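These notes concern the structure reproduced below.
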Amino acid sequence: QVQQMESGGGLVQPGGSLRLSCAASGNVFSDGAMRWFRQAPGKQREFVAGITNRGFRDYEDSVRGRFTISRDIDKNTVYLQMNNLKQEDTAVYYCNHWTRQRGLGPWGQGTQVTVSS
């Protein structure tokens, strides 16, 4: 079963940037999609960005144009470049491997992103 480890979070000022990494234990690019989610305090977990096995990218409306999802197939790693961060981007960020057969896999620990002046 695929497991993933998120990293790269931290404290950043509004307008700043961070790059998150998601290292997966297995081959996650042969099928399905790798997706980033986030969960802010008191809110439900929400989709942020995804990249399919064919490289198609999708974004939640509030992050489109500011966030970029990418991948390194050789490293089994997915990245989320976050620019022009806003306070409302503050959340714990998770990645997950989705397949049509199974849906989402188990969740990792996530990485905390805090945007504050």
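Lettering and numbering for the structure tokens are positional, with chains as A, B, ... in the shown order, residues counted from 1 in each chain, and ligands counted from 1 in the shown order.
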
Residues near stretch 71-82 of chain A, cut-off 10 Å, only C-alpha atoms, skip fewer than 3 positions along chain, as a compact mmCIF listing (two decimals) with C-alpha atoms, in the first residue's frame:
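That gives us result_15.txt:
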# COMPACT_ATOMS: atom_id res chain seq x y z
CA GLN A 4 3.49 9.21 1.57
CA MET A 5 5.39 11.73 3.66
CA GLU A 6 4.76 15.43 3.37
CA SER A 7 7.37 18.06 4.16
CA GLY A 8 8.27 21.66 3.49
CA GLY A 15 2.90 37.23 -0.13
CA GLY A 16 5.65 34.73 0.54
CA SER A 17 6.34 31.33 -0.99
CA LEU A 18 6.82 27.74 0.10
CA ARG A 19 7.42 24.50 -1.72
CA LEU A 20 5.88 21.37 -0.27
CA SER A 21 7.13 17.90 -1.07
CA CYS A 22 5.33 14.57 -0.98
CA ALA A 23 7.55 11.51 -1.12
CA ALA A 24 5.64 8.31 -1.90
CA SER A 25 6.75 4.80 -1.02
CA GLY A 26 5.56 3.20 -4.25
CA ASN A 27 5.02 3.95 -7.89
CA VAL A 28 2.19 6.43 -7.80
CA PHE A 29 2.45 7.62 -11.35
CA SER A 30 1.37 4.50 -13.21
CA MET A 34 -1.61 12.43 -6.83
CA ARG A 35 -3.57 15.09 -5.02
CA TRP A 36 -2.85 17.74 -2.44
CA VAL A 48 -6.10 21.88 -3.44
CA ALA A 49 -4.40 20.49 -6.52
CA GLY A 50 -3.92 17.25 -8.41
CA ILE A 51 -1.85 15.72 -11.18
CA ASN A 53 -0.72 9.77 -14.28
CA GLY A 55 0.30 14.77 -16.30
CA VAL A 63 -5.22 28.68 -5.56
CA GLY A 65 -2.54 30.95 -10.63
CA ARG A 66 -0.70 30.96 -7.30
CA PHE A 67 0.02 27.26 -6.71
CA THR A 68 1.72 24.84 -9.08
CA LEU A 85 0.48 33.01 0.04
CA LYS A 86 -2.48 34.41 1.93
CA ASP A 89 -3.93 29.34 3.00
CA TYR A 93 -1.40 20.12 3.89
CA CYS A 95 -0.99 14.52 -0.22

Q. So how many Å separate atom CA of A:Thr111 and atom CA of A:Val92, to one decimal?
A. 5.4 Å

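Take the candidates A:Ser62, A:Asn84, A:Gln112, A:Thr52 and check each one against A:Ala33 using only C-alpha atoms; the shortest distance goes to A:Thr52.
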
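Of the residues listed (A:Arg102, A:Lys43, A:Arg64, A:Arg54), A:Lys43 shows the shortest atom-to-atom separation from A:Thr90; distances use only C-alpha atoms.
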
Q. Running DSSP on the backbone, which parts of chain A land in strand (DSSP E or B), as a ChimeraX atom specification?
A. /A:4-7,10-12,18-24,33-39,46-52,57-59,64,67-72,77-82,91-99,103-104,111-115

Q: Extract, using only C-alpha atoms, all DNA, RNA and protein residues at most 12 Å from A:Gln44, discarding same-chain residues fewer than 5 positions from it, and format them as a list of chain:residue names.
A: A:Phe37, A:Arg38, A:Gln39, A:Ala91, A:Val92

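Each of A:Val115, A:Thr99, A:Gly105, A:Tyr94 was checked against A:Arg45 using only C-alpha atoms; the smallest atom-to-atom distance is that of A:Tyr94.
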
Q. What is the distance, in Å and to one decimal place, between atom CA of A:Gly108 and atom CA of A:Gln3?
A. 7.2 Å

(Q) Using only C-alpha atoms for the distances, tell me which of A:Gly42, A:Pro14, A:Gly9, A:Gly32 is nearest to A:Gln101. (A) A:Gly32

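For stretch 16-99 of chain A, backbone-based DSSP labels the following residues as helix (DSSP H, G or I): Ile73, Asp74, Lys75, Gln87, Glu88 and Asp89 of chain A.
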
Writer output for current selection, N, CA, C and O atoms, as a PDB file, in the first residue's frame:
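Contents of out24.pdb, as written:
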ATOM      1  N   ILE A  73       9.132  11.880 -11.399  1.00  0.00           N
ATOM      2  CA  ILE A  73       8.768  10.477 -11.480  1.00  0.00           C
ATOM      3  C   ILE A  73       9.871   9.578 -10.950  1.00  0.00           C
ATOM      4  O   ILE A  73       9.625   8.595 -10.249  1.00  0.00           O
ATOM      5  N   ASP A  74      11.114   9.918 -11.235  1.00  0.00           N
ATOM      6  CA  ASP A  74      12.236   9.089 -10.784  1.00  0.00           C
ATOM      7  C   ASP A  74      12.333   9.043  -9.267  1.00  0.00           C
ATOM      8  O   ASP A  74      12.804   8.063  -8.692  1.00  0.00           O
ATOM      9  N   LYS A  75      11.871  10.107  -8.617  1.00  0.00           N
ATOM     10  CA  LYS A  75      11.957  10.183  -7.155  1.00  0.00           C
ATOM     11  C   LYS A  75      10.634   9.832  -6.479  1.00  0.00           C
ATOM     12  O   LYS A  75      10.537   9.889  -5.247  1.00  0.00           O
ATOM     13  N   GLN A  87      -3.290  34.554   4.186  1.00  0.00           N
ATOM     14  CA  GLN A  87      -3.590  34.013   5.508  1.00  0.00           C
ATOM     15  C   GLN A  87      -4.588  32.862   5.416  1.00  0.00           C
ATOM     16  O   GLN A  87      -4.499  31.903   6.185  1.00  0.00           O
ATOM     17  N   GLU A  88      -5.483  32.925   4.477  1.00  0.00           N
ATOM     18  CA  GLU A  88      -6.471  31.856   4.340  1.00  0.00           C
ATOM     19  C   GLU A  88      -5.894  30.558   3.793  1.00  0.00           C
ATOM     20  O   GLU A  88      -6.587  29.545   3.707  1.00  0.00           O
ATOM     21  N   ASP A  89      -4.605  30.572   3.409  1.00  0.00           N
ATOM     22  CA  ASP A  89      -3.933  29.337   3.002  1.00  0.00           C
ATOM     23  C   ASP A  89      -3.400  28.564   4.201  1.00  0.00           C
ATOM     24  O   ASP A  89      -2.900  27.444   4.052  1.00  0.00           O
TER      25      ASP A  89
END

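Going from atom CA of A:Asp58 over to atom CA of A:Ser116, you cover 26.6 Å.
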